[in-house]
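Colleague: My structure is in query24.tsv, and what it holds is TSV, C-alpha atoms:
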```
chain	number	residue	atom	x	y	z
A	50	MET	CA	5.39	9.12	-10.92
A	51	ARG	CA	6.15	10.17	-14.48
A	52	LEU	CA	8.26	7.03	-15.00
A	53	ASN	CA	5.40	4.96	-13.57
A	54	ARG	CA	2.88	6.46	-15.99
A	55	GLU	CA	5.05	6.40	-19.10
A	56	LEU	CA	6.03	2.79	-18.42
A	57	GLU	CA	2.41	1.70	-18.10
A	58	GLU	CA	1.39	3.63	-21.21
A	59	GLN	CA	4.15	1.83	-23.12
A	60	MET	CA	2.95	-1.50	-21.75
A	61	ALA	CA	-0.59	-0.70	-22.91
A	62	ARG	CA	0.76	-0.25	-26.46
A	63	LEU	CA	2.62	-3.55	-26.20
A	64	PHE	CA	-0.58	-5.21	-24.97
A	65	ARG	CA	-2.43	-4.07	-28.09
A	66	GLN	CA	0.41	-5.59	-30.14
A	67	ASN	CA	-0.11	-8.95	-28.36
A	68	LYS	CA	3.34	-8.72	-26.78
A	69	ILE	CA	2.05	-8.74	-23.19
A	70	VAL	CA	1.12	-12.33	-22.40
A	71	GLY	CA	-0.59	-11.80	-19.05
A	72	GLY	CA	-3.06	-9.37	-17.54
A	73	LEU	CA	-2.32	-5.66	-17.41
A	74	TYR	CA	-3.85	-3.57	-14.63
A	75	SER	CA	-3.38	0.16	-14.94
A	76	SER	CA	-2.63	2.49	-12.05
A	77	TYR	CA	-3.34	5.56	-14.21
A	78	GLY	CA	-4.46	8.32	-11.84
A	79	GLN	CA	-3.38	6.39	-8.74
A	80	GLU	CA	0.40	6.69	-9.05
A	81	ALA	CA	0.72	9.01	-6.05
A	82	ILE	CA	-0.38	6.26	-3.67
A	83	SER	CA	2.25	3.72	-4.72
A	84	VAL	CA	5.08	6.22	-5.05
A	85	GLY	CA	4.29	8.40	-2.05
A	86	ALA	CA	3.76	5.50	0.33
A	87	ALA	CA	6.90	3.65	-0.80
A	88	TYR	CA	9.06	6.75	-0.30
A	89	ALA	CA	7.90	6.94	3.33
A	90	LEU	CA	9.65	3.68	4.22
A	91	GLY	CA	13.23	3.01	5.19
A	92	PRO	CA	15.57	0.76	3.15
A	93	GLY	CA	15.22	-2.09	5.65
A	94	ASP	CA	11.42	-2.03	5.70
A	95	TRP	CA	9.29	-4.54	3.80
A	96	ILE	CA	6.57	-4.02	1.19
A	97	ALA	CA	4.14	-6.27	-0.65
A	98	PRO	CA	2.82	-4.47	-3.74
A	99	MET	CA	-0.43	-5.32	-5.49
A	100	ILE	CA	-1.21	-5.33	-9.20
A	101	ARG	CA	-1.56	-1.52	-9.41
A	102	ASN	CA	1.60	-0.74	-7.43
A	103	ILE	CA	4.28	-0.76	-10.14
A	104	GLY	CA	5.32	2.65	-8.82
A	105	ALA	CA	6.36	1.06	-5.53
A	106	LEU	CA	8.55	-1.42	-7.42
A	107	LEU	CA	10.27	1.44	-9.23
A	108	VAL	CA	10.88	3.28	-5.95
A	109	ARG	CA	12.43	0.11	-4.53
A	110	GLY	CA	14.94	0.03	-7.37
A	111	PHE	CA	13.48	-2.39	-9.91
A	112	PRO	CA	14.32	-1.09	-13.41
A	113	PRO	CA	11.60	-0.80	-16.07
A	114	ARG	CA	13.11	-3.75	-17.95
A	115	ASP	CA	12.24	-6.07	-15.05
A	116	VAL	CA	8.60	-5.02	-15.28
A	117	LEU	CA	8.58	-5.25	-19.09
A	118	THR	CA	10.26	-8.64	-19.40
A	119	GLN	CA	8.06	-10.00	-16.61
A	120	HIS	CA	4.82	-9.04	-18.39
A	121	MET	CA	6.23	-10.26	-21.71
A	122	ALA	CA	7.24	-13.60	-20.12
A	123	ARG	CA	10.84	-13.42	-21.31
A	124	TYR	CA	13.71	-15.54	-20.01
A	125	THR	CA	15.51	-12.42	-18.77
A	126	SER	CA	12.64	-11.52	-16.41
A	127	PRO	CA	12.86	-11.90	-12.60
A	128	THR	CA	10.89	-15.17	-12.86
A	129	GLN	CA	12.68	-16.30	-16.05
A	130	GLY	CA	9.47	-16.13	-18.04
A	131	LYS	CA	7.38	-18.35	-15.76
A	132	ASP	CA	4.90	-15.60	-14.92
A	133	GLY	CA	3.29	-12.98	-17.12
A	134	THR	CA	2.17	-10.46	-14.49
A	135	SER	CA	3.62	-8.61	-11.51
A	136	HIS	CA	4.14	-11.73	-9.41
A	137	PHE	CA	7.78	-11.20	-8.52
A	138	GLY	CA	9.77	-9.77	-5.65
A	139	ASP	CA	13.16	-9.68	-3.95
A	140	LEU	CA	13.46	-11.07	-0.42
A	141	LYS	CA	17.22	-10.64	-0.11
A	142	VAL	CA	18.01	-7.05	-1.04
A	143	ARG	CA	14.92	-4.94	-1.72
A	144	HIS	CA	12.64	-6.66	0.82
A	145	VAL	CA	9.75	-6.95	-1.62
A	146	VAL	CA	7.23	-9.77	-1.21
A	147	SER	CA	5.63	-10.95	-4.44
A	148	PRO	CA	1.99	-9.99	-5.04
A	149	THR	CA	-0.63	-12.72	-4.87
A	150	SER	CA	-3.89	-13.07	-6.77
A	151	MET	CA	-5.81	-13.86	-3.58
A	152	LEU	CA	-6.96	-10.43	-2.45
A	153	GLY	CA	-6.36	-9.74	1.23
A	154	ASP	CA	-3.99	-12.63	1.80
A	155	LEU	CA	-0.93	-10.40	1.89
A	156	ILE	CA	-2.25	-8.73	5.05
A	157	PRO	CA	-1.64	-11.73	7.35
A	158	VAL	CA	1.60	-12.43	5.47
A	159	MET	CA	2.94	-8.93	6.09
A	160	THR	CA	1.68	-9.01	9.67
A	161	GLY	CA	3.81	-12.12	10.15
A	162	ILE	CA	6.83	-10.38	8.62
A	163	ALA	CA	6.30	-7.40	10.93
A	164	MET	CA	6.08	-9.69	13.96
A	165	ALA	CA	9.16	-11.65	12.89
A	166	GLY	CA	11.15	-8.46	12.42
A	167	ARG	CA	10.22	-7.32	15.91
A	168	TYR	CA	11.14	-10.72	17.37
A	169	LEU	CA	14.55	-10.54	15.71
A	170	GLY	CA	15.10	-6.97	16.89
A	171	GLN	CA	15.23	-5.50	13.37
A	172	LYS	CA	13.08	-2.39	14.07
A	173	ILE	CA	11.32	-2.79	10.71
A	174	VAL	CA	7.88	-1.83	9.46
A	175	ALA	CA	5.92	-3.93	6.96
A	176	MET	CA	3.42	-2.41	4.53
A	177	THR	CA	1.03	-3.56	1.86
A	178	TRP	CA	-1.84	-2.18	-0.19
A	179	ILE	CA	-5.40	-3.36	-0.77
A	180	GLY	CA	-8.24	-2.11	-2.96
A	181	ASP	CA	-11.67	-1.13	-1.69
A	182	GLY	CA	-13.05	-4.41	-3.03
A	183	GLY	CA	-10.45	-6.40	-1.10
A	184	THR	CA	-11.72	-5.02	2.21
A	185	SER	CA	-14.67	-7.42	1.92
A	186	THR	CA	-12.51	-10.55	2.02
A	187	GLY	CA	-12.13	-12.67	5.13
A	188	ALA	CA	-8.34	-12.55	4.96
A	189	PHE	CA	-8.47	-8.74	5.20
A	190	HIS	CA	-10.29	-8.84	8.52
A	191	GLU	CA	-8.45	-11.84	9.95
A	192	GLY	CA	-5.09	-10.33	9.11
A	193	LEU	CA	-5.98	-6.88	10.41
A	194	ASN	CA	-7.29	-8.31	13.66
A	195	LEU	CA	-4.10	-10.32	14.13
A	196	ALA	CA	-1.99	-7.22	13.50
A	197	ALA	CA	-4.06	-5.23	15.99
A	198	VAL	CA	-3.97	-7.82	18.77
A	199	GLN	CA	-0.24	-8.35	18.33
A	200	LYS	CA	0.46	-4.59	17.97
A	201	ALA	CA	2.50	-5.46	14.90
A	202	PRO	CA	4.61	-2.72	13.25
A	203	PHE	CA	2.41	-2.82	10.17
A	204	VAL	CA	0.85	-0.23	7.85
A	205	LEU	CA	-2.04	-1.06	5.54
A	206	VAL	CA	-3.00	1.29	2.71
A	207	ILE	CA	-6.51	1.01	1.28
A	208	GLU	CA	-6.59	2.36	-2.25
A	209	ASN	CA	-10.21	3.41	-2.43
A	210	ASN	CA	-10.51	3.94	-6.18
A	211	GLN	CA	-14.31	3.59	-5.86
A	212	TRP	CA	-14.68	0.53	-8.08
A	213	ALA	CA	-14.23	-3.18	-7.38
A	214	TYR	CA	-14.18	-4.25	-11.02
A	215	SER	CA	-17.67	-2.97	-11.99
A	216	THR	CA	-19.12	-2.69	-8.46
A	217	PRO	CA	-19.16	0.80	-6.91
A	218	VAL	CA	-17.89	0.93	-3.35
A	219	ARG	CA	-21.31	2.04	-2.03
A	220	ARG	CA	-22.75	-1.32	-3.12
A	221	GLN	CA	-20.29	-3.34	-1.07
A	222	SER	CA	-19.97	-1.24	2.10
A	223	ARG	CA	-22.27	1.02	4.12
A	224	LEU	CA	-19.27	3.02	5.32
A	225	ARG	CA	-18.68	6.48	3.88
A	226	ASP	CA	-15.04	6.19	4.93
A	227	LEU	CA	-13.37	2.77	4.83
A	228	ALA	CA	-10.90	4.07	7.42
A	229	ASP	CA	-13.68	3.57	9.96
A	230	ILE	CA	-12.94	-0.16	9.78
A	231	ALA	CA	-9.93	0.53	12.00
A	232	SER	CA	-12.13	1.45	14.96
A	233	ALA	CA	-13.53	-2.09	15.00
A	234	TYR	CA	-10.02	-3.38	15.73
A	235	GLY	CA	-8.93	-0.62	18.09
A	236	ILE	CA	-6.14	0.71	15.87
A	237	GLU	CA	-5.27	4.14	14.50
A	238	SER	CA	-6.27	5.22	11.02
A	239	ALA	CA	-5.91	8.13	8.63
A	240	ILE	CA	-7.63	9.44	5.52
A	241	VAL	CA	-5.55	11.09	2.82
A	242	ASP	CA	-6.08	12.58	-0.61
A	243	GLY	CA	-4.71	9.78	-2.76
A	244	ASN	CA	-4.05	12.14	-5.67
A	245	ASP	CA	-1.70	14.33	-3.64
A	246	VAL	CA	1.70	12.64	-3.49
A	247	VAL	CA	3.02	15.10	-0.90
A	248	ALA	CA	0.11	14.36	1.43
A	249	VAL	CA	0.40	10.60	0.85
A	250	GLU	CA	4.11	10.60	1.69
A	251	ARG	CA	3.61	12.73	4.80
A	252	THR	CA	0.67	10.71	6.13
A	253	THR	CA	2.41	7.40	5.48
A	254	ARG	CA	5.60	8.62	7.13
A	255	GLU	CA	3.64	9.51	10.27
A	256	ALA	CA	1.98	6.09	10.21
A	257	VAL	CA	5.33	4.33	9.78
A	258	ALA	CA	6.82	6.25	12.72
A	259	HIS	CA	3.79	5.35	14.84
A	260	ALA	CA	4.13	1.64	13.99
A	261	ARG	CA	7.91	1.58	14.40
A	262	ALA	CA	7.62	3.10	17.86
A	263	GLY	CA	5.66	0.05	19.02
A	264	ASN	CA	2.23	1.66	19.02
A	265	GLY	CA	0.61	-0.91	16.76
A	266	PRO	CA	-0.60	-0.93	13.16
A	267	VAL	CA	-2.13	1.94	11.21
A	268	LEU	CA	-4.79	1.80	8.52
A	269	ILE	CA	-4.61	4.49	5.80
A	270	GLU	CA	-7.45	5.12	3.38
A	271	ALA	CA	-6.24	6.89	0.25
A	272	LYS	CA	-9.21	8.26	-1.68
A	273	THR	CA	-8.64	8.23	-5.44
A	274	MET	CA	-10.26	7.14	-8.70
A	275	ARG	CA	-9.58	4.28	-11.08
A	276	MET	CA	-9.26	6.13	-14.40
A	277	ARG	CA	-9.11	3.01	-16.56
A	278	GLY	CA	-11.01	-0.27	-16.59
A	279	HIS	CA	-10.25	-3.09	-14.19
A	280	ALA	CA	-7.77	-4.38	-16.78
A	281	GLN	CA	-6.97	-3.72	-20.43
A	282	HIS	CA	-9.86	-5.87	-21.60
A	283	ASP	CA	-12.36	-3.77	-19.62
A	284	GLY	CA	-13.69	-0.63	-21.32
A	285	ALA	CA	-15.34	0.54	-18.07
A	286	GLU	CA	-18.52	1.71	-19.85
A	287	TYR	CA	-20.31	1.38	-16.51
A	288	VAL	CA	-18.40	4.33	-15.01
A	289	PRO	CA	-20.27	7.66	-15.35
A	290	LYS	CA	-18.43	9.95	-17.76
A	291	GLU	CA	-18.92	12.97	-15.51
A	292	MET	CA	-17.18	11.06	-12.72
A	293	LEU	CA	-14.12	10.53	-14.89
A	294	GLU	CA	-14.14	14.18	-15.95
A	295	LEU	CA	-14.26	15.31	-12.33
A	296	TRP	CA	-11.26	13.22	-11.33
A	297	LYS	CA	-9.35	14.04	-14.48
A	298	LYS	CA	-9.01	17.56	-13.10
A	299	ARG	CA	-7.36	16.08	-10.00
A	300	ASP	CA	-4.62	14.20	-11.87
A	301	PRO	CA	-1.77	13.50	-9.41
A	302	LEU	CA	1.01	14.27	-11.91
A	303	ASP	CA	-0.49	17.61	-12.89
A	304	ARG	CA	-0.95	18.56	-9.25
A	305	TYR	CA	2.59	17.61	-8.28
A	306	GLU	CA	4.08	19.47	-11.22
A	307	LYS	CA	2.09	22.52	-10.15
A	308	PHE	CA	3.40	22.09	-6.61
A	309	LEU	CA	7.00	21.93	-7.86
A	310	SER	CA	6.54	25.03	-10.00
A	311	GLU	CA	4.81	27.09	-7.32
A	312	ASN	CA	7.54	26.25	-4.82
A	313	LYS	CA	10.28	26.93	-7.39
A	314	LEU	CA	11.65	23.39	-7.06
A	315	TRP	CA	12.12	22.99	-10.80
A	316	ASP	CA	11.84	24.88	-14.07
A	317	VAL	CA	10.95	24.15	-17.70
A	318	ASP	CA	14.44	22.93	-18.54
A	319	THR	CA	14.51	20.55	-15.59
A	320	LYS	CA	11.14	19.08	-16.57
A	321	LYS	CA	12.28	18.65	-20.17
A	322	GLU	CA	15.47	16.89	-19.04
A	323	ILE	CA	13.53	14.51	-16.77
A	324	ASP	CA	11.01	13.68	-19.51
A	325	SER	CA	13.81	13.02	-22.00
A	326	ARG	CA	15.68	10.78	-19.58
A	327	ILE	CA	12.56	8.74	-18.88
A	328	ALA	CA	11.80	8.35	-22.59
A	329	ARG	CA	15.34	7.13	-23.28
A	330	GLU	CA	15.31	4.67	-20.40
A	331	ILE	CA	11.99	3.15	-21.46
A	332	GLN	CA	13.05	2.91	-25.11
A	333	VAL	CA	16.26	1.08	-24.21
A	334	ASP	CA	14.45	-1.32	-21.89
A	335	VAL	CA	11.65	-2.01	-24.39
A	336	GLU	CA	14.27	-2.96	-27.00
A	337	PHE	CA	15.96	-5.18	-24.44
A	338	ALA	CA	12.68	-6.91	-23.61
A	339	GLU	CA	11.64	-7.42	-27.21
A	340	ASN	CA	15.05	-8.91	-28.09
A	341	SER	CA	15.03	-11.23	-25.06
A	342	PRO	CA	14.23	-14.90	-25.70
A	343	PHE	CA	11.30	-16.84	-24.30
A	344	PRO	CA	12.22	-19.49	-21.69
A	345	PRO	CA	13.39	-22.90	-22.95
A	346	PRO	CA	10.89	-25.79	-22.53
A	347	GLU	CA	13.07	-27.65	-20.03
A	348	LEU	CA	12.79	-24.74	-17.60
A	349	ALA	CA	9.21	-25.81	-16.81
A	350	GLU	CA	10.42	-28.63	-14.55
A	351	GLN	CA	12.96	-26.49	-12.73
A	352	GLY	CA	12.32	-24.44	-9.64
A	353	VAL	CA	9.05	-26.19	-8.81
A	354	TYR	CA	10.39	-27.13	-5.38
A	355	CYS	CA	13.23	-25.57	-3.44
A	356	GLU	CA	16.05	-28.09	-3.25
A	357	GLY	CA	18.88	-26.09	-1.76
A	358	CYS	CA	18.45	-23.25	-4.25
A	359	HIS	CA	18.65	-20.63	-1.49
A	360	THR	CA	19.27	-20.39	2.22
A	361	VAL	CA	16.60	-19.24	4.65
A	362	GLU	CA	18.28	-17.91	7.76
A	363	ALA	CA	17.14	-15.45	10.42
A	364	VAL	CA	19.00	-12.15	10.66
A	365	TRP	CA	19.28	-11.41	14.38
A	366	LYS	CA	19.65	-7.81	15.53
A	367	ARG	CA	19.26	-8.55	19.23
A	368	PRO	CA	20.70	-11.11	21.68
A	369	LYS	CA	18.80	-14.38	21.37
A	370	GLU	CA	18.75	-14.66	25.15
A	371	GLU	CA	16.17	-11.86	25.26
A	372	VAL	CA	13.55	-14.08	23.66
A	373	MET	CA	14.51	-17.36	25.32
A	374	PRO	CA	13.79	-18.73	28.81
A	375	PRO	CA	14.26	-17.69	31.49
A	376	ARG	CA	14.20	-14.05	30.33
A	377	SER	CA	11.20	-14.59	28.09
A	378	SER	CA	9.24	-16.65	30.63
A	379	VAL	CA	5.98	-15.33	32.06
A	380	LYS	CA	3.50	-16.80	34.49
A	381	ALA	CA	0.66	-18.67	32.80
A	382	GLU	CA	-2.02	-16.56	34.46
A	383	TRP	CA	-4.01	-13.47	33.52
A	384	GLN	CA	-4.73	-10.32	35.52
A	385	LEU	CA	-8.24	-8.86	35.67
A	386	ARG	CA	-7.90	-5.31	34.34
A	387	ALA	CA	-11.17	-3.99	32.92
A	388	PRO	CA	-14.13	-6.16	33.95
A	389	LEU	CA	-17.14	-6.11	31.65
A	390	VAL	CA	-19.43	-6.03	34.67
A	391	ASN	CA	-19.28	-3.21	37.22
A	392	PRO	CA	-18.57	-4.97	40.56
A	393	GLU	CA	-20.51	-2.32	42.50
A	394	SER	CA	-23.72	-1.98	40.49
A	395	GLY	CA	-23.69	-5.36	38.78
A	396	THR	CA	-24.41	-3.67	35.44
A	397	VAL	CA	-22.45	-4.08	32.21
A	398	ALA	CA	-19.71	-1.46	32.02
A	399	ARG	CA	-19.90	1.14	29.29
A	400	ARG	CA	-17.23	1.28	26.63
A	401	HIS	CA	-15.49	4.36	28.03
A	402	GLU	CA	-15.13	2.51	31.33
A	403	GLN	CA	-13.47	-0.46	29.62
A	404	LEU	CA	-11.00	1.37	27.39
A	405	LYS	CA	-8.24	2.28	29.79
A	406	PRO	CA	-4.50	2.65	29.24
A	407	SER	CA	-2.69	-0.61	29.93
A	408	ARG	CA	-0.01	1.25	31.89
A	409	PRO	CA	0.68	4.85	32.96
A	410	GLY	CA	1.87	7.14	30.17
A	411	VAL	CA	0.53	4.99	27.34
A	412	ALA	CA	-2.37	6.42	25.36
A	413	SER	CA	-5.39	4.23	24.82
A	414	SER	CA	-7.04	3.81	21.42
A	415	ASN	CA	-9.40	6.73	22.03
A	416	SER	CA	-6.83	9.30	23.09
A	417	ALA	CA	-4.58	11.68	21.17
A	418	GLY	CA	-0.96	12.71	21.49
A	419	ASN	CA	0.81	10.29	19.16
A	420	GLY	CA	0.95	12.37	16.00
A	421	LEU	CA	-2.06	10.61	14.53
A	422	ARG	CA	-5.53	11.80	15.45
A	423	PRO	CA	-7.84	9.60	17.52
A	424	VAL	CA	-9.18	6.62	15.57
A	425	VAL	CA	-9.27	8.50	12.24
A	426	ALA	CA	-6.69	11.08	11.21
A	427	GLY	CA	-6.48	13.42	8.26
A	428	ARG	CA	-10.24	13.77	7.97
A	429	VAL	CA	-12.05	17.01	7.27
A	430	ALA	CA	-14.67	17.92	9.88
A	431	ALA	CA	-18.21	16.94	8.94
A	432	LYS	CA	-20.98	19.49	8.68
A	433	THR	CA	-23.04	19.71	11.85
A	434	LYS	CA	-26.35	21.27	12.76
A	435	PRO	CA	-26.35	24.65	14.56
A	436	GLY	CA	-25.63	24.20	18.23
A	437	LYS	CA	-24.29	20.68	17.77
A	438	LYS	CA	-20.61	20.08	18.39
A	439	SER	CA	-18.74	18.19	15.69
A	440	SER	CA	-17.09	14.93	16.72
A	441	ARG	CA	-14.39	15.32	14.09
A	442	THR	CA	-11.33	17.50	14.29
A	443	PRO	CA	-10.71	19.93	11.39
A	444	VAL	CA	-7.49	19.27	9.54
A	445	PRO	CA	-5.33	22.06	8.10
A	446	ALA	CA	-4.80	22.00	4.35
A	447	LYS	CA	-1.73	20.13	3.18
A	448	ALA	CA	0.88	21.30	0.71
A	449	GLY	CA	0.33	20.42	-2.89
A	450	ARG	CA	-3.47	20.52	-2.84
```
Show me the file's structure as structure tokens.
Modeller:
Amino acid sequence: MRLNRELEEQMARLFRQNKIVGGLYSSYGQEAISVGAAYALGPGDWIAPMIRNIGALLVRGFPPRDVLTQHMARYTSPTQGKDGTSHFGDLKVRHVVSPTSMLGDLIPVMTGIAMAGRYLGQKIVAMTWIGDGGTSTGAFHEGLNLAAVQKAPFVLVIENNQWAYSTPVRRQSRLRDLADIASAYGIESAIVDGNDVVAVERTTREAVAHARAGNGPVLIEAKTMRMRGHAQHDGAEYVPKEMLELWKKRDPLDRYEKFLSENKLWDVDTKKEIDSRIAREIQVDVEFAENSPFPPPELAEQGVYCEGCHTVEAVWKRPKEEVMPPRSSVKAEWQLRAPLVNPESGTVARRHEQLKPSRPGVASSNSAGNGLRPVVAGRVAAKTKPGKKSSRTPVPAKAGR
């Protein structure tokens, strides 16, 4: 997380020097979500970061110089200077899908990757992030519904930083908790303190295990705060100052450093050595980026279309016969399982009569026992009136809070 923050602070200085040619979107105060979630995945799993997920790129092994040269549009960048933002990835080694500017569109894309991995027998999980504003897009809902119906091994992290550019989340959704969206699609969900990297990693790891086991997708809402403007050009004067002060006290780096100290996982000398190493690495990579050339003009006509520049080939981890006729053949007919009309009374069946396990031993969407709590996990019990039983399960405090 410290590397994530120091790298972005350096990029902000370069932006003010007119050395960053594209947009710059800070994740200041949100680093725990990118870093913690990325660490919960295995090396073969797939991610699709968004503009505030530079931390996930660093976890996946991209060096700071790749991020710097990319934003400075240098020829040595992953896109050879053709893009000035975070639109780059690595499909071969790191399994990183490039971000897109169309919010929500990565959800159906990553659902497709999750389904393809399952088809090929790869046992992978696919994950992407989305902001609170992006939950209002059509692609968000279409993609999440597809993932739910197909029981795709997919994890979606909503970074609820409370602002969609200058619109507060309460003006775009009536939901107190965006995790409640999951109940509309019959999938599991969890709420986590997005400024607690230990809690984020643990919650995401549980979600990944749930999805990998074939239990379907999981929606995680990470509650946090956008501590800078939408981008460098945005002063965010519309954000109440007392709101920023409140969340400043919950800084994820300060909290994690306190956690490390209290648990005797590091000391002053270790912290000093880490900070020095990060400073040296960033300085070397900034010099590399500044001394790198811009792309030559003739590069503009290259790479527009793929003409044998790379090979696209499926990586099978299971016998192909398992997904080919006759072993994959099924009868083209459906079985009546949970009729909407009660055959005895002729009345419409209630929801609890319709939601039944599809087979013995498999929990339905409103039952527990899978490590994640029913419908919404990780949520603190709501206050209830005397004599009224709460519908939410209290959650024990997590380490690092």
Colleague: Got a sec: who's within 10 Å of Met60 (chain A), counting only C-alpha atoms, leaving out chain neighbours fewer than 2 positions off, as a ChimeraX atom specification?
Modeller: /A:54-58,62-66,68-69,73,75,116-117,120-121,335
Colleague: Could you tell me how far CA of Phe137 (chain A) sits from CA of Gly284 (chain A), in Å to one decimal place?
Modeller: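 Taking CA of Gly284 (chain A) as the start and CA of Phe137 (chain A) as the end point, the length is 27.1 Å.
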Colleague: Would you kindly identify which residues have an atom no farther than 7 Å from (-9.5, 5.7, 1.1), using all atoms listed in the file and the file's own coordinates, and write them out as a list in words?
Modeller: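 Counting all atoms listed in the file, I find these residues within 7 Å of (-9.5, 5.7, 1.1): Ile207, Glu208, Asn209, Asp226, Leu227, Ala228, Ile240, Val241, Ile269, Glu270, Ala271 and Lys272 of chain A.
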Colleague: Taking into account all atoms listed in the file, which residue in the set A:Ala165, A:Ala188, A:Met176, A:Met292 is nearest to Trp212 (chain A)?
Modeller: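 Among A:Ala165, A:Ala188, A:Met176, A:Met292, it is A:Met292 that comes nearest to Trp212 (chain A).
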Colleague: One number please: CA of His136 (chain A) to CA of Leu106 (chain A), in Å, one decimal.
Modeller: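 Taking CA of His136 (chain A) and CA of Leu106 (chain A), their separation equals 11.4 Å.
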Colleague: Given only C-alpha atoms as the basis, pick out the residue of A:Arg109, A:Lys200, A:Arg275, A:Arg251 nearest to Pro217 (chain A).
Modeller: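 For Pro217 (chain A), the nearest of the candidates is A:Arg275.
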Colleague: What does the structure give for the distance between CA of Tyr124 (chain A) and CA of Glu350 (chain A), in Å to one decimal?
Modeller: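 We find that CA of Tyr124 (chain A) and CA of Glu350 (chain A) lie 14.6 Å from each other.
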Colleague: So that I can check the surroundings of Arg254 (chain A), please list as a ChimeraX atom specification every protein, DNA and RNA residue that reaches within 10 Å of it, counting all atoms listed in the file and ignoring chain neighbours fewer than 5 positions away.
Modeller: /A:85-91,248-249,259-260
Colleague: In the coordinate frame of the file, compute which residues have an atom within 8 Å of (-1.5, -6.6, 11.8) when using only C-alpha atoms, and state them as a short mmCIF file (atom, residue, chain, number, x, y, z; two decimals) with C-alpha atoms, keeping the file's coordinate frame.
Modeller:
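Heads up, here's the output in part_13.cif:
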```cif
data_model
loop_
_atom_site.label_atom_id
_atom_site.label_comp_id
_atom_site.auth_asym_id
_atom_site.auth_seq_id
_atom_site.Cartn_x
_atom_site.Cartn_y
_atom_site.Cartn_z
CA ILE A 156 -2.25 -8.73 5.05
CA PRO A 157 -1.64 -11.73 7.35
CA MET A 159 2.94 -8.93 6.09
CA THR A 160 1.68 -9.01 9.67
CA GLY A 161 3.81 -12.12 10.15
CA ALA A 163 6.30 -7.40 10.93
CA GLY A 192 -5.09 -10.33 9.11
CA LEU A 193 -5.98 -6.88 10.41
CA ASN A 194 -7.29 -8.31 13.66
CA LEU A 195 -4.10 -10.32 14.13
CA ALA A 196 -1.99 -7.22 13.50
CA ALA A 197 -4.06 -5.23 15.99
CA VAL A 198 -3.97 -7.82 18.77
CA GLN A 199 -0.24 -8.35 18.33
CA LYS A 200 0.46 -4.59 17.97
CA ALA A 201 2.50 -5.46 14.90
CA PRO A 202 4.61 -2.72 13.25
CA PHE A 203 2.41 -2.82 10.17
CA VAL A 204 0.85 -0.23 7.85
CA GLY A 265 0.61 -0.91 16.76
CA PRO A 266 -0.60 -0.93 13.16
#
```
Colleague: Excluding Gly153 (chain A) and its own-chain neighbours fewer than 3 positions away, which residues fall within 12 Å of it when counting all atoms listed in the file? Please give them as number ranges by chain.
Modeller: A: 97-99, 148-150, 156-160, 177-193, 205-207
Colleague: Give me the residues near region 295-302 of chain A as number ranges by chain, where near means some atom within 7 Å (using only C-alpha atoms) and where sequence neighbours in that chain fewer than 5 positions away do not count.
Modeller: A: 50, 78, 81, 244-246, 274
Colleague: Store the residues picked out above, limited to C-alpha atoms, as a PDB file, keeping the file's coordinate frame.
Modeller:
```pdb
ATOM      1  CA  MET A  50       5.390   9.120 -10.920  1.00  0.00           C
ATOM      2  CA  GLY A  78      -4.460   8.320 -11.840  1.00  0.00           C
ATOM      3  CA  ALA A  81       0.720   9.010  -6.050  1.00  0.00           C
ATOM      4  CA  ASN A 244      -4.050  12.140  -5.670  1.00  0.00           C
ATOM      5  CA  ASP A 245      -1.700  14.330  -3.640  1.00  0.00           C
ATOM      6  CA  VAL A 246       1.700  12.640  -3.490  1.00  0.00           C
ATOM      7  CA  MET A 274     -10.260   7.140  -8.700  1.00  0.00           C
TER       8      MET A 274
END
```
Colleague: If you count only C-alpha atoms, which residues fall within 9 Å of region 353-365 of chain A, apart from same-chain ones fewer than 4 positions away, as a list of chain:residue names?
Modeller: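 Neighbouring residues, sequence-local ones excluded: A:Gly166, A:Tyr168, A:Leu169, A:Gly170, A:Gln171, A:Ala349, A:Lys369.
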Colleague: Measuring atom to atom with only C-alpha atoms, identify which of A:Met164, A:Ser76, A:Val108, A:Ser378 is nearest to Gly263 (chain A).
Modeller: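 Distance minimum relative to Gly263 (chain A) lands on A:Met164.
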Colleague: Using all atoms of region 251-264 of chain A that appear in the file, construct an axis-aligned enclosing box with 5 Å of padding on every side and provide its centre coordinates and edge lengths in Å, rounded to one decimal, as lines of an AutoDock Vina configuration file.
Modeller:
```
center_x = 4.3
center_y = 6.4
center_z = 11.9
size_x = 17.2
size_y = 22.7
size_z = 24.2
```
Colleague: Let me make sure I understand: among A:Ala175, A:Val257, A:Lys131, A:Trp95, which one has the smallest atom-to-atom distance to Gln351 (chain A) if we use all atoms listed in the file?
Modeller: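 Result for the nearest residue to Gln351 (chain A): A:Lys131.
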Colleague: Here is a test: counting only C-alpha atoms, which residue of A:Ala105, A:Leu224, A:Val247, A:Ile96 is nearest to Val174 (chain A)?
Modeller: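 Going through A:Ala105, A:Leu224, A:Val247, A:Ile96 one by one, the smallest distance to Val174 (chain A) is for A:Ile96.
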